[in-house]
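Novice: Mind having a look at this structure? Questions to follow.
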Amino acid sequence: MFVQQKLRSIAILKCVGASSREILAVYMTQVLLLGIAGSLLGVGIAAAVIAAVPAVVGNIGAVFHVEYGLTTTAVTQGFAVGLLVSVLFSVVPLLDVRHVKPSLLLRHDIPPLARVDWLKWGVTALVSSTLVAVAAWQAGSLRVGLMLSGGFVATAFVLHLAGLALVRAVQPLRYARSFALRQAAVGLGTFFILGVRTLQANLLQDFAVQIGEDAPDMFLIDIQEDQKDGLAAFIDQQNGSEPPPNVIPVLRARITAVRGREVNLETYEQVRGRGSLSREYTITYRPQLNANEELLQGQWWNAGPSSGEAEVSIEESLQQRFRINIGDQMQFDVLGRTIPARVTSIRKVNWRDYRSGGFMIVFRPGPFDNAPHSYISSVNGPRDPAARSRMQAALVARYPNVSVIDLREVLDTIQTIVDGVTLGVTVVGGLVLFSGMLILVGAVSMTKFQRVYEAAILKTLGASSRLIATMLLLEYGVLGAIAGTVGALGAIALSWAVARYALDLTWRAAPAVTLVGISATAICVAAIGVLASLDVLRHKPLATLRAE
């Protein structure tokens, strides 16, 4: 848009003898100065925000025992990135300066060059590679940098196609190419905002699952068979309305043989040759899947004990690492007894959600009903420290063999850290929203010069300022809605890929964020488009037509 606005100025400079290299140097100098000014402004805003942190959230330095503030490294890095990105995004469109002819002052319909501009394509490739490197540097990961850059390219391509399709659908429209580029700019702003906002929502939701109000904070170990019912009643009495304790049977076992279509380990020595497969596992038995488990292959057994061969379900990593599949026969050493079992299902366990426990190997009830084994339990203890101490004292007095592991202090510390992380993610999300809004404002405002001549013609033909404002409102509203929709779809794809492959999170859709983002984009673009065109509406058509 900047180059399009300066075409006449460039033609005048060439008429008075300026070369393309000199003109390119002039405009690159302007870009550098703007980049320096913007980077300095960003450093100033960062300093102001950090200075305001104690007044907003308290003295986090004392809470987390860390020092915070603007460092020379951070300022240098931020300044360098701001300047580098300004130059990289400007150099390719500024190369069009070479093709502006002095005759542009006399005629406006000079056809573009038909030959391939190899210099521009080479610079474009170099700039693209550098931008990918900058994204990877800032993310601290080449994979994340490639994901982000690929998402931008794919979204820009789709947005450009959507803009061209819209132009063709409502033909005839002037400045078709510029319309598509405007849509791409607005859509990429939406893509950027919603992508980070959706990732923020997934991060905060993941933290909430791990450290929630209902997360167990007390673990009981070595509960005996004749104690589990009385202990459960005791916990219910102490906790009142809290959920009943989850009492889980546990045994220790070793795998001594595996026989299947992909692996054949007949002896324990052969199993030991597979490394971690020979370690001692904590196993359990139960009739149902837990809330943190997902069945990937096979079938889960019906409730009740097995009447024939023992059945076992394994976690997916055992299948992937040791090629153990559905129908394979496994042999276990449990308390000195050899227990053969057939693999009937493969499970995926969400190890982050420890409220339901997590086991690599789960048996169908039956084989260990009469075997000596103990139980473990996870409970939510009282939040009040005095009540918590009384409960532990009473529990130890009544069941001296049961070991109590109190994680309240550990969880409180983790919760404090998570609160800080949540604050950090929220602040970053807010900054992204703010910067994204600036992108939208810039993308819409830069097209204002194209509206001056159109408004003058329409006014000459009798159109009122209100009619022109309504036309602008509809145009920018449609632009914002389409760009916001495509950008939101790109943001969903990006956030899913980053959550799934970079952060190893369970991705959850955020429909409210997406719908609000699309609606807000349409409203903001429409409002900004009209507000940025107010002086266009006020211009007298005679002055505009004389300038043309």
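Going by the structure tokens order, chains are called A, B, ..., each with residues numbered from 1, while ligands are numbered from 1 in the order shown.
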Could you pull the residues within 10 Å of A:Tyr27, counting only C-alpha atoms, minus those fewer than 6 positions along the same chain, as a ChimeraX atom specification?
Specialist: /A:2-3,6,33,90-91,94,97
Novice: As a list in words, please: the residues near A:Leu537 (cut-off 8 Å, only C-alpha atoms, same-chain neighbours under 6 positions excluded).
Specialist: Ala455, Ser465, Ile468 and Ala469 of chain A
Novice: So that I can see what lies close to A:Glu262, please list as JSON, numbers by chain the residues with an atom at most 8 Å from it, counting only C-alpha atoms and leaving out residues fewer than 2 positions away in the same chain.
Specialist: {"A": [260, 264, 323, 324]}
Novice: If you run DSSP over the backbone, which residues in stretch 347-393 of chain A end up strand (DSSP E)? Put them as a ChimeraX atom specification.
Specialist: /A:347-349,361-363,374-379
Novice: For C-alpha atoms, I'd like the residues from the last selection saved as a short mmCIF file (atom, residue, chain, number, x, y, z; two decimals), in the first residue's frame.
Specialist:
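File selection.cif, as written:
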```cif
data_model
loop_
_atom_site.label_atom_id
_atom_site.label_comp_id
_atom_site.auth_asym_id
_atom_site.auth_seq_id
_atom_site.Cartn_x
_atom_site.Cartn_y
_atom_site.Cartn_z
CA ARG A 347 -5.09 -47.73 26.31
CA LYS A 348 -3.91 -44.16 26.16
CA VAL A 349 -3.34 -42.64 29.61
CA ILE A 361 -0.79 -52.62 33.04
CA VAL A 362 -4.39 -53.26 34.17
CA PHE A 363 -5.87 -56.76 34.69
CA SER A 374 -2.52 -53.96 49.46
CA TYR A 375 -4.41 -50.85 48.42
CA ILE A 376 -3.60 -47.20 47.87
CA SER A 377 -5.94 -44.22 47.98
CA SER A 378 -5.92 -40.56 46.98
CA VAL A 379 -8.15 -38.16 48.89
#
```
Novice: When you count only C-alpha atoms, which of these residues is closest to A:Asp226: A:Glu269, A:Tyr399, A:Ile405, A:Leu534?
Specialist: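 Checking each of A:Glu269, A:Tyr399, A:Ile405, A:Leu534 against A:Asp226, counting only C-alpha atoms, the winner is A:Tyr399.
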Novice: Within 9 Å of A:Val530, counting only C-alpha atoms, which residues qualify if same-chain residues fewer than 5 places away don't, as a compact mmCIF listing (two decimals) with N, CA and C atoms, in the first residue's frame?
Specialist:
```txt
# COMPACT_ATOMS: atom_id res chain seq x y z
N ALA A 469 -20.92 6.52 3.45
CA ALA A 469 -20.53 5.89 4.72
C ALA A 469 -21.17 4.51 4.87
N THR A 470 -22.44 4.40 4.44
CA THR A 470 -23.11 3.09 4.50
C THR A 470 -22.43 2.08 3.58
N LEU A 472 -19.27 2.09 2.68
CA LEU A 472 -18.00 1.72 3.31
C LEU A 472 -18.23 0.75 4.46
N LEU A 473 -19.29 1.00 5.24
CA LEU A 473 -19.58 0.13 6.38
C LEU A 473 -19.86 -1.30 5.91
N TYR A 476 -16.48 -2.87 4.38
CA TYR A 476 -15.51 -3.28 5.40
C TYR A 476 -16.08 -4.36 6.32
N VAL A 525 -13.26 -3.93 11.98
CA VAL A 525 -12.86 -3.52 10.63
C VAL A 525 -13.87 -2.53 10.06
```
Novice: When distances are computed from only C-alpha atoms, which of A:Ser519, A:Asn401, A:Ser276, A:Thr460 shows the smallest separation from A:Lys540?
Specialist: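 Looking at the shortest contact to A:Lys540, the residue is A:Thr460.
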Novice: Mind giving me the straight-line distance from atom CA of A:Val127 to atom CA of A:Ser86 in Å, one decimal?
Specialist: 11.3 Å
Novice: Could you list, as a PDB file with C-alpha atoms, in the first residue's frame, every residue within 9 Å of A:Thr124, counting only C-alpha atoms and ignoring same-chain residues fewer than 4 positions away?
Specialist:
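Result file follows (around-v6.pdb):
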```pdb
ATOM      1  CA  VAL A  91      12.253  -4.872   1.013  1.00  0.00           C
ATOM      2  CA  VAL A  92      10.206  -7.087  -1.363  1.00  0.00           C
ATOM      3  CA  LEU A 119      15.723 -10.655  -8.396  1.00  0.00           C
ATOM      4  CA  LYS A 120      12.407 -10.166  -6.604  1.00  0.00           C
ATOM      5  CA  SER A 128      11.122 -15.847   3.830  1.00  0.00           C
ATOM      6  CA  SER A 129      14.015 -17.946   5.126  1.00  0.00           C
TER       7      SER A 129
END
```
